[in-house]
Every structure is written in structure tokens, then in C-alpha cells.
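Next comes run.csv, a file with CSV, N, CA and C atoms.
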chain,number,residue,atom,x,y,z
N,1141,MET,N,-7.9,-62.9,-8.6
N,1141,MET,CA,-7.4,-61.5,-8.4
N,1141,MET,C,-7.6,-60.7,-9.6
N,1142,ASP,N,-7.5,-61.3,-10.8
N,1142,ASP,CA,-7.7,-60.6,-12.0
N,1142,ASP,C,-9.2,-60.1,-12.2
N,1143,ASN,N,-10.1,-60.9,-11.6
N,1143,ASN,CA,-11.5,-60.5,-11.7
N,1143,ASN,C,-11.8,-59.3,-10.9
N,1144,LYS,N,-11.1,-59.2,-9.7
N,1144,LYS,CA,-11.3,-58.0,-8.8
N,1144,LYS,C,-10.7,-56.8,-9.5
N,1145,LYS,N,-9.6,-57.0,-10.2
N,1145,LYS,CA,-9.0,-55.9,-10.9
N,1145,LYS,C,-9.8,-55.4,-12.0
N,1146,LEU,N,-10.4,-56.4,-12.8
N,1146,LEU,CA,-11.3,-56.0,-13.9
N,1146,LEU,C,-12.6,-55.4,-13.4
N,1147,ASP,N,-13.1,-55.8,-12.2
N,1147,ASP,CA,-14.3,-55.2,-11.6
N,1147,ASP,C,-14.1,-53.8,-11.2
N,1148,SER,N,-12.9,-53.5,-10.7
N,1148,SER,CA,-12.6,-52.1,-10.3
N,1148,SER,C,-12.3,-51.2,-11.4
N,1149,LEU,N,-12.1,-51.7,-12.6
N,1149,LEU,CA,-11.9,-50.8,-13.8
N,1149,LEU,C,-13.2,-50.2,-14.2
N,1150,GLN,N,-13.1,-48.9,-14.5
N,1150,GLN,CA,-14.2,-48.2,-15.0
N,1150,GLN,C,-13.9,-47.8,-16.4
N,1151,SER,N,-14.8,-48.1,-17.3
N,1151,SER,CA,-14.6,-47.8,-18.7
N,1151,SER,C,-15.4,-46.7,-19.2
N,1152,PHE,N,-14.9,-45.9,-20.2
N,1152,PHE,CA,-15.6,-44.8,-20.7
N,1152,PHE,C,-15.7,-44.9,-22.2
N,1153,ASP,N,-16.8,-44.4,-22.8
N,1153,ASP,CA,-16.9,-44.4,-24.2
N,1153,ASP,C,-16.0,-43.5,-25.0
N,1154,SER,N,-15.6,-42.4,-24.4
N,1154,SER,CA,-14.7,-41.4,-25.0
N,1154,SER,C,-14.0,-40.6,-23.9
N,1155,LEU,N,-13.0,-39.9,-24.4
N,1155,LEU,CA,-12.3,-39.1,-23.5
N,1155,LEU,C,-13.1,-37.9,-23.0
N,1156,THR,N,-14.1,-37.5,-23.9
N,1156,THR,CA,-15.0,-36.4,-23.6
N,1156,THR,C,-15.8,-36.8,-22.4
N,1157,ALA,N,-16.3,-38.1,-22.4
N,1157,ALA,CA,-17.2,-38.6,-21.3
N,1157,ALA,C,-16.3,-38.7,-20.0
N,1158,LEU,N,-15.1,-39.1,-20.1
N,1158,LEU,CA,-14.2,-39.1,-19.0
N,1158,LEU,C,-14.0,-37.7,-18.4
N,1159,ALA,N,-13.7,-36.7,-19.3
N,1159,ALA,CA,-13.5,-35.3,-18.8
N,1159,ALA,C,-14.8,-34.8,-18.1
N,1160,LYS,N,-16.0,-35.2,-18.6
N,1160,LYS,CA,-17.2,-34.7,-18.0
N,1160,LYS,C,-17.3,-35.4,-16.6
N,1161,GLU,N,-17.0,-36.6,-16.5
N,1161,GLU,CA,-17.0,-37.4,-15.3
N,1161,GLU,C,-16.1,-36.7,-14.2
N,1162,LEU,N,-14.9,-36.4,-14.7
N,1162,LEU,CA,-13.9,-35.8,-13.8
N,1162,LEU,C,-14.1,-34.3,-13.5
N,1163,LYS,N,-15.1,-33.7,-14.3
N,1163,LYS,CA,-15.4,-32.3,-14.2
N,1163,LYS,C,-14.2,-31.4,-14.5
N,1164,ILE,N,-13.5,-31.8,-15.6
N,1164,ILE,CA,-12.3,-31.0,-16.1
N,1164,ILE,C,-12.5,-30.9,-17.6
N,1165,SER,N,-11.7,-30.0,-18.2
N,1165,SER,CA,-11.8,-29.8,-19.6
N,1165,SER,C,-11.0,-30.9,-20.3
N,1166,ARG,N,-11.3,-31.1,-21.6
N,1166,ARG,CA,-10.6,-32.2,-22.3
N,1166,ARG,C,-9.1,-31.8,-22.4
N,1167,GLN,N,-8.8,-30.6,-22.6
N,1167,GLN,CA,-7.4,-30.1,-22.7
N,1167,GLN,C,-6.7,-30.5,-21.4
N,1168,THR,N,-7.3,-30.3,-20.3
N,1168,THR,CA,-6.7,-30.6,-19.0
N,1168,THR,C,-6.5,-32.1,-18.9
N,1169,LEU,N,-7.6,-32.8,-19.3
N,1169,LEU,CA,-7.5,-34.3,-19.3
N,1169,LEU,C,-6.3,-34.8,-20.1
N,1170,TYR,N,-6.2,-34.3,-21.4
N,1170,TYR,CA,-5.1,-34.8,-22.2
N,1170,TYR,C,-3.7,-34.5,-21.5
N,1171,LYS,N,-3.6,-33.4,-20.9
N,1171,LYS,CA,-2.3,-33.0,-20.3
N,1171,LYS,C,-2.1,-34.0,-19.1
N,1172,ARG,N,-3.1,-34.2,-18.3
N,1172,ARG,CA,-2.9,-35.1,-17.1
N,1172,ARG,C,-2.7,-36.6,-17.6
N,1173,LEU,N,-3.3,-37.0,-18.7
N,1173,LEU,CA,-3.0,-38.3,-19.2
N,1173,LEU,C,-1.6,-38.5,-19.7
N,1174,ASN,N,-1.1,-37.4,-20.3
N,1174,ASN,CA,0.3,-37.4,-20.8
N,1174,ASN,C,1.3,-37.4,-19.6
N,1175,ASP,N,1.0,-36.6,-18.5
N,1175,ASP,CA,1.8,-36.5,-17.4
N,1175,ASP,C,1.9,-37.8,-16.6
N,1176,ASN,N,0.8,-38.6,-16.6
N,1176,ASN,CA,0.8,-39.8,-15.9
N,1176,ASN,C,1.0,-41.1,-16.7
N,1177,ASP,N,1.4,-40.9,-17.9
N,1177,ASP,CA,1.6,-42.0,-18.9
N,1177,ASP,C,0.4,-42.9,-19.0
N,1178,MET,N,-0.8,-42.4,-19.2
N,1178,MET,CA,-2.0,-43.1,-19.4
N,1178,MET,C,-2.6,-42.8,-20.7
N,1179,LYS,N,-1.9,-42.3,-21.6
N,1179,LYS,CA,-2.4,-41.9,-22.9
N,1179,LYS,C,-2.9,-43.1,-23.7
N,1180,GLY,N,-4.1,-42.9,-24.4
N,1180,GLY,CA,-4.7,-43.9,-25.3
N,1180,GLY,C,-5.5,-44.9,-24.5
N,1181,ARG,N,-5.8,-44.7,-23.3
N,1181,ARG,CA,-6.7,-45.6,-22.5
N,1181,ARG,C,-8.0,-45.1,-22.3
N,1182,LEU,N,-9.0,-46.0,-22.2
N,1182,LEU,CA,-10.4,-45.5,-21.8
N,1182,LEU,C,-10.9,-46.3,-20.6
N,1183,SER,N,-10.1,-47.1,-20.0
N,1183,SER,CA,-10.4,-47.8,-18.7
N,1183,SER,C,-9.4,-47.5,-17.6
N,1184,PHE,N,-10.0,-47.2,-16.5
N,1184,PHE,CA,-9.1,-46.7,-15.4
N,1184,PHE,C,-9.6,-47.3,-14.1
N,1185,THR,N,-8.7,-47.5,-13.1
N,1185,THR,CA,-9.0,-47.9,-11.8
N,1185,THR,C,-9.5,-46.7,-11.0
N,1186,LYS,N,-10.0,-46.9,-9.8
N,1186,LYS,CA,-10.5,-45.8,-9.0
N,1186,LYS,C,-9.3,-44.9,-8.6
N,1187,LYS,N,-8.2,-45.6,-8.3
N,1187,LYS,CA,-7.0,-44.9,-7.9
N,1187,LYS,C,-6.5,-44.0,-9.1
N,1188,GLU,N,-6.5,-44.5,-10.3
N,1188,GLU,CA,-6.1,-43.7,-11.4
N,1188,GLU,C,-7.0,-42.6,-11.7
N,1189,LEU,N,-8.3,-42.8,-11.5
N,1189,LEU,CA,-9.3,-41.7,-11.7
N,1189,LEU,C,-9.1,-40.6,-10.7
N,1190,SER,N,-8.8,-41.0,-9.4
N,1190,SER,CA,-8.6,-40.0,-8.4
N,1190,SER,C,-7.3,-39.2,-8.8
N,1191,LEU,N,-6.3,-39.9,-9.3
N,1191,LEU,CA,-5.0,-39.3,-9.7
N,1191,LEU,C,-5.3,-38.3,-10.8
N,1192,LEU,N,-6.1,-38.6,-11.8
N,1192,LEU,CA,-6.4,-37.7,-12.9
N,1192,LEU,C,-7.3,-36.5,-12.4
N,1193,LYS,N,-8.1,-36.8,-11.4
N,1193,LYS,CA,-9.0,-35.7,-11.0
N,1193,LYS,C,-8.2,-34.6,-10.2
N,1194,LYS,N,-7.2,-35.1,-9.4
N,1194,LYS,CA,-6.5,-34.1,-8.6
N,1194,LYS,C,-5.6,-33.2,-9.4
N,1195,ARG,N,-5.5,-32.0,-9.0
N,1195,ARG,CA,-4.6,-31.1,-9.6
N,1195,ARG,C,-3.2,-31.4,-9.2
N,1196,PRO,N,-2.2,-31.5,-10.1
N,1196,PRO,CA,-0.9,-31.9,-9.8
N,1196,PRO,C,-0.2,-30.8,-9.0
N,1197,ILE,N,0.6,-31.2,-8.0
N,1197,ILE,CA,1.4,-30.2,-7.2
N,1197,ILE,C,2.8,-30.1,-7.8
N,1198,LYS,N,3.1,-28.9,-8.2
N,1198,LYS,CA,4.5,-28.8,-8.7
N,1198,LYS,C,5.4,-28.4,-7.6
N,1199,SER,N,6.5,-29.1,-7.6
N,1199,SER,CA,7.5,-28.8,-6.6
N,1199,SER,C,8.5,-27.7,-7.1
N,1200,VAL,N,8.9,-26.9,-6.2
N,1200,VAL,CA,9.7,-25.8,-6.5
N,1200,VAL,C,11.0,-26.0,-5.7
N,1201,LYS,N,12.1,-26.0,-6.4
N,1201,LYS,CA,13.4,-26.1,-5.7
N,1201,LYS,C,13.8,-24.7,-5.2
N,1202,VAL,N,14.2,-24.7,-4.0
N,1202,VAL,CA,14.5,-23.5,-3.3
N,1202,VAL,C,16.0,-23.5,-2.9
N,1203,ASP,N,16.7,-22.6,-3.4
N,1203,ASP,CA,18.1,-22.5,-3.0
N,1203,ASP,C,18.3,-21.7,-1.7
N,1204,SER,N,18.7,-22.4,-0.7
N,1204,SER,CA,18.8,-21.8,0.6
N,1204,SER,C,19.8,-20.6,0.6
N,1205,GLN,N,20.8,-20.7,-0.1
N,1205,GLN,CA,21.8,-19.6,-0.2
N,1205,GLN,C,21.2,-18.4,-0.8
N,1206,VAL,N,20.4,-18.6,-1.8
N,1206,VAL,CA,19.7,-17.4,-2.4
N,1206,VAL,C,18.7,-16.8,-1.4
N,1207,ASP,N,18.0,-17.7,-0.7
N,1207,ASP,CA,17.1,-17.2,0.3
N,1207,ASP,C,17.8,-16.4,1.4
N,1208,LYS,N,19.0,-16.9,1.8
N,1208,LYS,CA,19.7,-16.2,2.8
N,1208,LYS,C,20.1,-14.8,2.3
N,1209,GLU,N,20.6,-14.8,1.0
N,1209,GLU,CA,21.0,-13.5,0.5
N,1209,GLU,C,19.8,-12.5,0.3
N,1210,VAL,N,18.7,-13.1,-0.1
N,1210,VAL,CA,17.5,-12.2,-0.2
N,1210,VAL,C,17.1,-11.7,1.2
N,1211,ASP,N,17.1,-12.6,2.2
N,1211,ASP,CA,16.7,-12.2,3.5
N,1211,ASP,C,17.7,-11.1,4.1
N,1212,SER,N,19.0,-11.3,3.8
N,1212,SER,CA,20.0,-10.3,4.3
N,1212,SER,C,19.8,-8.9,3.5
N,1213,GLU,N,19.5,-9.0,2.2
N,1213,GLU,CA,19.2,-7.8,1.5
N,1213,GLU,C,17.9,-7.1,2.0
N,1214,GLN,N,16.9,-7.9,2.3
N,1214,GLN,CA,15.7,-7.3,2.9
N,1214,GLN,C,15.9,-6.7,4.2
N,1215,ASP,N,16.8,-7.4,5.1
N,1215,ASP,CA,17.1,-6.8,6.4
N,1215,ASP,C,17.8,-5.5,6.2
N,1216,LYS,N,18.8,-5.4,5.3
N,1216,LYS,CA,19.5,-4.2,5.0
N,1216,LYS,C,18.6,-3.1,4.6
N,1217,LEU,N,17.7,-3.4,3.7
N,1217,LEU,CA,16.7,-2.4,3.2
N,1217,LEU,C,15.8,-2.0,4.3
N,1218,ILE,N,15.3,-2.9,5.1
N,1218,ILE,CA,14.5,-2.5,6.2
N,1218,ILE,C,15.2,-1.5,7.2
N,1219,SER,N,16.5,-1.8,7.5
N,1219,SER,CA,17.2,-1.0,8.4
N,1219,SER,C,17.5,0.4,7.8
N,1220,VAL,N,17.7,0.5,6.5
N,1220,VAL,CA,17.9,1.8,5.8
N,1220,VAL,C,16.6,2.5,5.8
N,1221,LEU,N,15.5,1.9,5.6
N,1221,LEU,CA,14.2,2.5,5.6
N,1221,LEU,C,13.8,3.0,7.0
N,1222,ARG,N,14.2,2.2,8.0
N,1222,ARG,CA,13.9,2.7,9.4
N,1222,ARG,C,14.7,3.9,9.7
N,1223,ALA,N,16.0,3.9,9.3
N,1223,ALA,CA,16.8,5.1,9.5
N,1223,ALA,C,16.3,6.3,8.8
N,1224,GLU,N,15.8,6.2,7.6
N,1224,GLU,CA,15.2,7.3,6.9
N,1224,GLU,C,14.0,7.8,7.5
N,1225,LEU,N,13.1,6.8,8.0
N,1225,LEU,CA,11.9,7.2,8.7
N,1225,LEU,C,12.2,8.0,10.0
N,1226,LYS,N,13.2,7.5,10.7
N,1226,LYS,CA,13.6,8.2,11.9
N,1226,LYS,C,14.1,9.6,11.6
N,1227,ALA,N,14.9,9.8,10.6
N,1227,ALA,CA,15.3,11.1,10.2
N,1227,ALA,C,14.2,12.0,9.8
N,1228,LYS,N,13.3,11.5,9.0
N,1228,LYS,CA,12.1,12.3,8.6
N,1228,LYS,C,11.2,12.7,9.7
N,1229,ASN,N,11.0,11.7,10.7
N,1229,ASN,CA,10.2,12.1,11.9
N,1229,ASN,C,10.9,13.2,12.7
N,1230,HIS,N,12.2,13.2,12.8
N,1230,HIS,CA,13.0,14.2,13.5
N,1230,HIS,C,12.8,15.6,12.8
N,1231,THR,N,12.8,15.5,11.4
N,1231,THR,CA,12.6,16.8,10.6
N,1231,THR,C,11.2,17.3,10.8
N,1232,ILE,N,10.2,16.4,10.8
N,1232,ILE,CA,8.8,16.8,11.0
N,1232,ILE,C,8.7,17.4,12.4
N,1233,ASN,N,9.3,16.9,13.4
N,1233,ASN,CA,9.2,17.4,14.8
N,1233,ASN,C,9.8,18.8,14.8
N,1234,GLN,N,10.9,19.0,14.2
N,1234,GLN,CA,11.6,20.3,14.1
N,1234,GLN,C,10.7,21.4,13.4
N,1235,LEU,N,10.1,20.9,12.3
N,1235,LEU,CA,9.2,21.8,11.5
N,1235,LEU,C,8.0,22.2,12.3
N,1236,ASN,N,7.4,21.2,13.1
N,1236,ASN,CA,6.3,21.5,13.9
N,1236,ASN,C,6.6,22.5,15.0
N,1237,GLU,N,7.8,22.4,15.6
N,1237,GLU,CA,8.3,23.4,16.6
N,1237,GLU,C,8.4,24.7,16.0
N,1238,GLN,N,9.0,24.8,14.8
N,1238,GLN,CA,9.2,26.1,14.1
N,1238,GLN,C,7.8,26.7,13.8
N,1239,LEU,N,6.9,25.9,13.4
N,1239,LEU,CA,5.5,26.4,13.1
N,1239,LEU,C,4.9,27.0,14.4
N,1240,ILE,N,5.0,26.3,15.5
N,1240,ILE,CA,4.4,26.7,16.8
N,1240,ILE,C,5.1,28.1,17.2
N,1241,ASN,N,6.4,28.1,17.0
N,1241,ASN,CA,7.1,29.4,17.4
N,1241,ASN,C,6.6,30.5,16.5
N,1242,SER,N,6.5,30.2,15.2
N,1242,SER,CA,6.1,31.2,14.2
N,1242,SER,C,4.7,31.7,14.6
N,1243,GLN,N,3.8,30.8,15.0
N,1243,GLN,CA,2.4,31.2,15.3
N,1243,GLN,C,2.4,32.1,16.6
N,1244,LYS,N,3.3,31.7,17.6
N,1244,LYS,CA,3.4,32.6,18.8
N,1244,LYS,C,3.9,34.0,18.5
N,1245,LEU,N,4.9,34.0,17.6
N,1245,LEU,CA,5.4,35.4,17.2
N,1245,LEU,C,4.4,36.2,16.5
N,1246,GLN,N,3.6,35.5,15.6
N,1246,GLN,CA,2.6,36.2,14.9
N,1246,GLN,C,1.5,36.8,15.8
N,1247,LEU,N,1.1,36.0,16.8
N,1247,LEU,CA,0.2,36.4,17.8
N,1247,LEU,C,0.7,37.5,18.6
N,1248,MET,N,2.0,37.5,19.0
N,1248,MET,CA,2.5,38.6,19.8
N,1248,MET,C,2.6,39.9,18.9
N,1249,SER,N,2.9,39.7,17.7
N,1249,SER,CA,3.0,40.9,16.8
N,1249,SER,C,1.6,41.5,16.6
N,1250,GLN,N,0.6,40.6,16.5
N,1250,GLN,CA,-0.8,41.1,16.3
N,1250,GLN,C,-1.2,41.8,17.6
N,1251,GLN,N,-0.9,41.3,18.7
N,1251,GLN,CA,-1.3,42.0,20.0
N,1251,GLN,C,-0.6,43.3,20.1
N,1252,HIS,N,0.7,43.4,19.7
N,1252,HIS,CA,1.4,44.6,19.8
N,1252,HIS,C,0.8,45.6,18.9
N,1253,THR,N,0.4,45.2,17.6
N,1253,THR,CA,-0.2,46.1,16.7
N,1253,THR,C,-1.5,46.6,17.2
N,1254,GLU,N,-2.3,45.8,17.8
N,1254,GLU,CA,-3.6,46.2,18.4
N,1254,GLU,C,-3.3,47.2,19.5
N,1255,GLN,N,-2.3,47.0,20.3
N,1255,GLN,CA,-2.0,47.9,21.4
N,1255,GLN,C,-1.6,49.3,20.9
N,1256,LEU,N,-0.8,49.3,19.8
N,1256,LEU,CA,-0.3,50.6,19.2
N,1256,LEU,C,-1.5,51.3,18.6
N,1257,THR,N,-2.4,50.5,18.0
N,1257,THR,CA,-3.6,51.1,17.3
N,1257,THR,C,-4.4,51.8,18.4
N,1258,ARG,N,-4.6,51.1,19.5
N,1258,ARG,CA,-5.4,51.7,20.6
N,1258,ARG,C,-4.8,53.0,21.1
N,1259,GLU,N,-3.5,53.0,21.3
N,1259,GLU,CA,-2.7,54.2,21.7
N,1259,GLU,C,-2.9,55.3,20.7
N,1260,LEU,N,-2.8,55.0,19.5
N,1260,LEU,CA,-2.9,56.0,18.4
N,1260,LEU,C,-4.3,56.7,18.5
N,1261,HIS,N,-5.3,55.8,18.7
N,1261,HIS,CA,-6.7,56.4,18.7
N,1261,HIS,C,-6.9,57.2,20.0
N,1262,GLU,N,-6.2,56.9,21.1
N,1262,GLU,CA,-6.3,57.7,22.3
N,1262,GLU,C,-5.6,59.0,22.0
N,1263,LEU,N,-4.5,59.0,21.3
N,1263,LEU,CA,-3.8,60.3,21.0
N,1263,LEU,C,-4.6,61.2,20.1
N,1264,LYS,N,-5.3,60.6,19.2
N,1264,LYS,CA,-6.1,61.3,18.2
N,1264,LYS,C,-7.3,62.0,18.9
N,1265,LYS,N,-7.7,61.3,20.0
N,1265,LYS,CA,-8.9,61.9,20.8
N,1265,LYS,C,-8.5,63.2,21.4
N,1266,ILE,N,-7.3,63.4,21.7
N,1266,ILE,CA,-6.9,64.7,22.3
N,1266,ILE,C,-7.1,65.8,21.3
N,1267,GLU,N,-7.9,66.8,21.6
N,1267,GLU,CA,-8.2,67.8,20.7
N,1267,GLU,C,-7.1,68.8,20.6
N,1268,ARG,N,-6.8,69.2,19.4
N,1268,ARG,CA,-5.9,70.3,19.1
N,1268,ARG,C,-6.8,71.6,18.9
N,1269,PRO,N,-6.2,72.7,19.3
N,1269,PRO,CA,-6.9,73.9,19.1
N,1269,PRO,C,-7.2,74.1,17.6
N,1270,LYS,N,-8.3,74.6,17.3
N,1270,LYS,CA,-8.7,74.7,15.9
N,1270,LYS,C,-7.9,75.9,15.3
N,1271,GLN,N,-7.4,75.6,14.1
N,1271,GLN,CA,-6.6,76.6,13.3
N,1271,GLN,C,-7.3,76.9,12.0
N,1272,GLY,N,-7.1,78.1,11.6
N,1272,GLY,CA,-7.7,78.5,10.3
N,1272,GLY,C,-7.0,77.8,9.2
N,1273,PHE,N,-7.5,78.1,8.0
N,1273,PHE,CA,-6.9,77.5,6.8
N,1273,PHE,C,-5.5,78.0,6.6
N,1274,TRP,N,-5.3,79.3,6.7
N,1274,TRP,CA,-4.0,79.9,6.4
N,1274,TRP,C,-3.0,79.5,7.4
N,1275,ALA,N,-3.4,79.3,8.7
N,1275,ALA,CA,-2.5,79.0,9.7
N,1275,ALA,C,-2.0,77.5,9.5
N,1276,ARG,N,-2.9,76.7,9.1
N,1276,ARG,CA,-2.5,75.3,8.9
N,1276,ARG,C,-1.6,75.2,7.7
N,1277,LEU,N,-1.9,76.1,6.7
N,1277,LEU,CA,-1.1,76.0,5.5
N,1277,LEU,C,0.3,76.5,5.7
N,1278,PHE,N,0.5,77.6,6.5
N,1278,PHE,CA,1.8,78.2,6.7
N,1278,PHE,C,2.4,77.7,8.0
N,1279,GLY,N,1.7,76.9,8.7
N,1279,GLY,CA,2.2,76.3,10.0
N,1279,GLY,C,2.4,77.3,11.1
N,1280,LYS,N,1.5,78.3,11.2
N,1280,LYS,CA,1.6,79.3,12.3
N,1280,LYS,C,0.6,78.9,13.3

Can you turn what I pasted into C-alpha cells?
Amino acid sequence: MDNKKLDSLQSFDSLTALAKELKISRQTLYKRLNDNDMKGRLSFTKKELSLLKKRPIKSVKVDSQVDKEVDSEQDKLISVLRAELKAKNHTINQLNEQLINSQKLQLMSQQHTEQLTRELHELKKIERPKQGFWARLFGK
């Protein structure tokens, strides 16, 4: 059994050669050797080599209470933002209605002005009897 174990060991001349074999930097290799308590060795089994080659997965502790608080805060924020959006949409609709009414009034005013201008031109077309200079001046 010791012969099989020795046969499965792979030896390296240096840590630089090992880093090249694993396709990682020497700095990363040193860190992984320290993390796995393999410091100072140059012979490794296939299992150990695969362990050194893999990027370690860091576990993160999650506090469920904090998650619930964050979720409730997010829900509150979302509801507040929805209420604000609803109010702003209502305001936008009111402003659009006011704009439409303003445009209608402006159009009506313009049409009325054009009508009065036409009437004025028609009145000007009616000829007044010609008066002399002194009659116009003294209003006779």
C-alpha cells in the first residue's frame, strides 16, 4: 500500500515549477499551501494537487434576522416609492389636462381675433365721403 501511495505522489523541483504546473502565481500558491497546511513540501498526491489548483470557496455567515430587517426596509421603501410615483403620475395627468385646456383657449382666442380682424377690414372697406383738410382738422 505504501508503494501505491508513493507512486501517486508527484514531486516538483521547486515551488515555482509547481505554480507553473497549477497555472497560478507563486504568491497564490504560497497562500493556498498555508491555508491547507502543506507548507514546506514539494511532493503532493493528485488529490492535494487538485485541492491546490481549485480556488477556495469562502463561506459567508448570513444573519436571517438582519435579512428580514433588510427585506422589510426594502418593502417599506418600495411602497413609499410606489406612492410617490402614483402621486407624480396624478400630477402629470392634471398638468396635461391643463395644457390641453390652455391650448384650446388659445385656439379659440386666435379664432376670435381673426374674426374681429375680418370684421374690421370689412368696416374699413365702407367708404366715407371725402373731406377736405380743414374739415378733417376741425371735425366739420

Could you please determine the separation between atom C of Gln1251 in chain N and atom N of Arg1268 in chain N in Å, to one decimal place?
26.6 Å

Please provide as a tab-separated table (two decimals) with N, CA and C atoms, keeping the file's coordinate frame all residues within 8 Å of Thr1156 in chain N, with the sequence filter that same-chain residues fewer than 6 positions apart are discarded (counting all atoms listed in the file).
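The new file selection_38.tsv reads:
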chain	number	residue	atom	x	y	z
N	1162	LEU	N	-14.90	-36.40	-14.70
N	1162	LEU	CA	-13.90	-35.80	-13.80
N	1162	LEU	C	-14.10	-34.30	-13.50
N	1165	SER	N	-11.70	-30.00	-18.20
N	1165	SER	CA	-11.80	-29.80	-19.60
N	1165	SER	C	-11.00	-30.90	-20.30
N	1166	ARG	N	-11.30	-31.10	-21.60
N	1166	ARG	CA	-10.60	-32.20	-22.30
N	1166	ARG	C	-9.10	-31.80	-22.40

Just the alpha helix (DSSP H) stuff from range 1143-1252 of chain N, please, per backbone DSSP, written as a PyMOL selection string.
chain N and resi 1143-1148+1155-1162+1166-1175+1186-1193+1204-1252

Set the distance at 12 Å and use only C-alpha atoms: which residues neighbour Lys1163 in chain N once local chain neighbours fewer than 5 positions away are removed? I'd like the list as a JSON list (two decimals) with N, CA and C atoms, in the coordinates of the input.
[["chain", "number", "residue", "atom", "x", "y", "z"],
["N", 1155, "LEU", "N", -13.00, -39.90, -24.40],
["N", 1155, "LEU", "CA", -12.30, -39.10, -23.50],
["N", 1155, "LEU", "C", -13.10, -37.90, -23.00],
["N", 1156, "THR", "N", -14.10, -37.50, -23.90],
["N", 1156, "THR", "CA", -15.00, -36.40, -23.60],
["N", 1156, "THR", "C", -15.80, -36.80, -22.40],
["N", 1157, "ALA", "N", -16.30, -38.10, -22.40],
["N", 1157, "ALA", "CA", -17.20, -38.60, -21.30],
["N", 1157, "ALA", "C", -16.30, -38.70, -20.00],
["N", 1158, "LEU", "N", -15.10, -39.10, -20.10],
["N", 1158, "LEU", "CA", -14.20, -39.10, -19.00],
["N", 1158, "LEU", "C", -14.00, -37.70, -18.40],
["N", 1168, "THR", "N", -7.30, -30.30, -20.30],
["N", 1168, "THR", "CA", -6.70, -30.60, -19.00],
["N", 1168, "THR", "C", -6.50, -32.10, -18.90],
["N", 1169, "LEU", "N", -7.60, -32.80, -19.30],
["N", 1169, "LEU", "CA", -7.50, -34.30, -19.30],
["N", 1169, "LEU", "C", -6.30, -34.80, -20.10],
["N", 1189, "LEU", "N", -8.30, -42.80, -11.50],
["N", 1189, "LEU", "CA", -9.30, -41.70, -11.70],
["N", 1189, "LEU", "C", -9.10, -40.60, -10.70],
["N", 1190, "SER", "N", -8.80, -41.00, -9.40],
["N", 1190, "SER", "CA", -8.60, -40.00, -8.40],
["N", 1190, "SER", "C", -7.30, -39.20, -8.80],
["N", 1192, "LEU", "N", -6.10, -38.60, -11.80],
["N", 1192, "LEU", "CA", -6.40, -37.70, -12.90],
["N", 1192, "LEU", "C", -7.30, -36.50, -12.40],
["N", 1193, "LYS", "N", -8.10, -36.80, -11.40],
["N", 1193, "LYS", "CA", -9.00, -35.70, -11.00],
["N", 1193, "LYS", "C", -8.20, -34.60, -10.20],
["N", 1194, "LYS", "N", -7.20, -35.10, -9.40],
["N", 1194, "LYS", "CA", -6.50, -34.10, -8.60],
["N", 1194, "LYS", "C", -5.60, -33.20, -9.40],
["N", 1195, "ARG", "N", -5.50, -32.00, -9.00],
["N", 1195, "ARG", "CA", -4.60, -31.10, -9.60],
["N", 1195, "ARG", "C", -3.20, -31.40, -9.20]]

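Running DSSP on the backbone and keeping only strand (DSSP E), the residues of chain N that qualify are N:Gln1150, N:Ser1151, N:Ser1183, N:Phe1184.
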
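For the pair atom C of Asp1175 in chain N and CA of Pro1196 in chain N, the separation is 9.4 Å.
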
CA of Gln1167 in chain N and CA of Gln1150 in chain N are how many Å apart?
20.8 Å
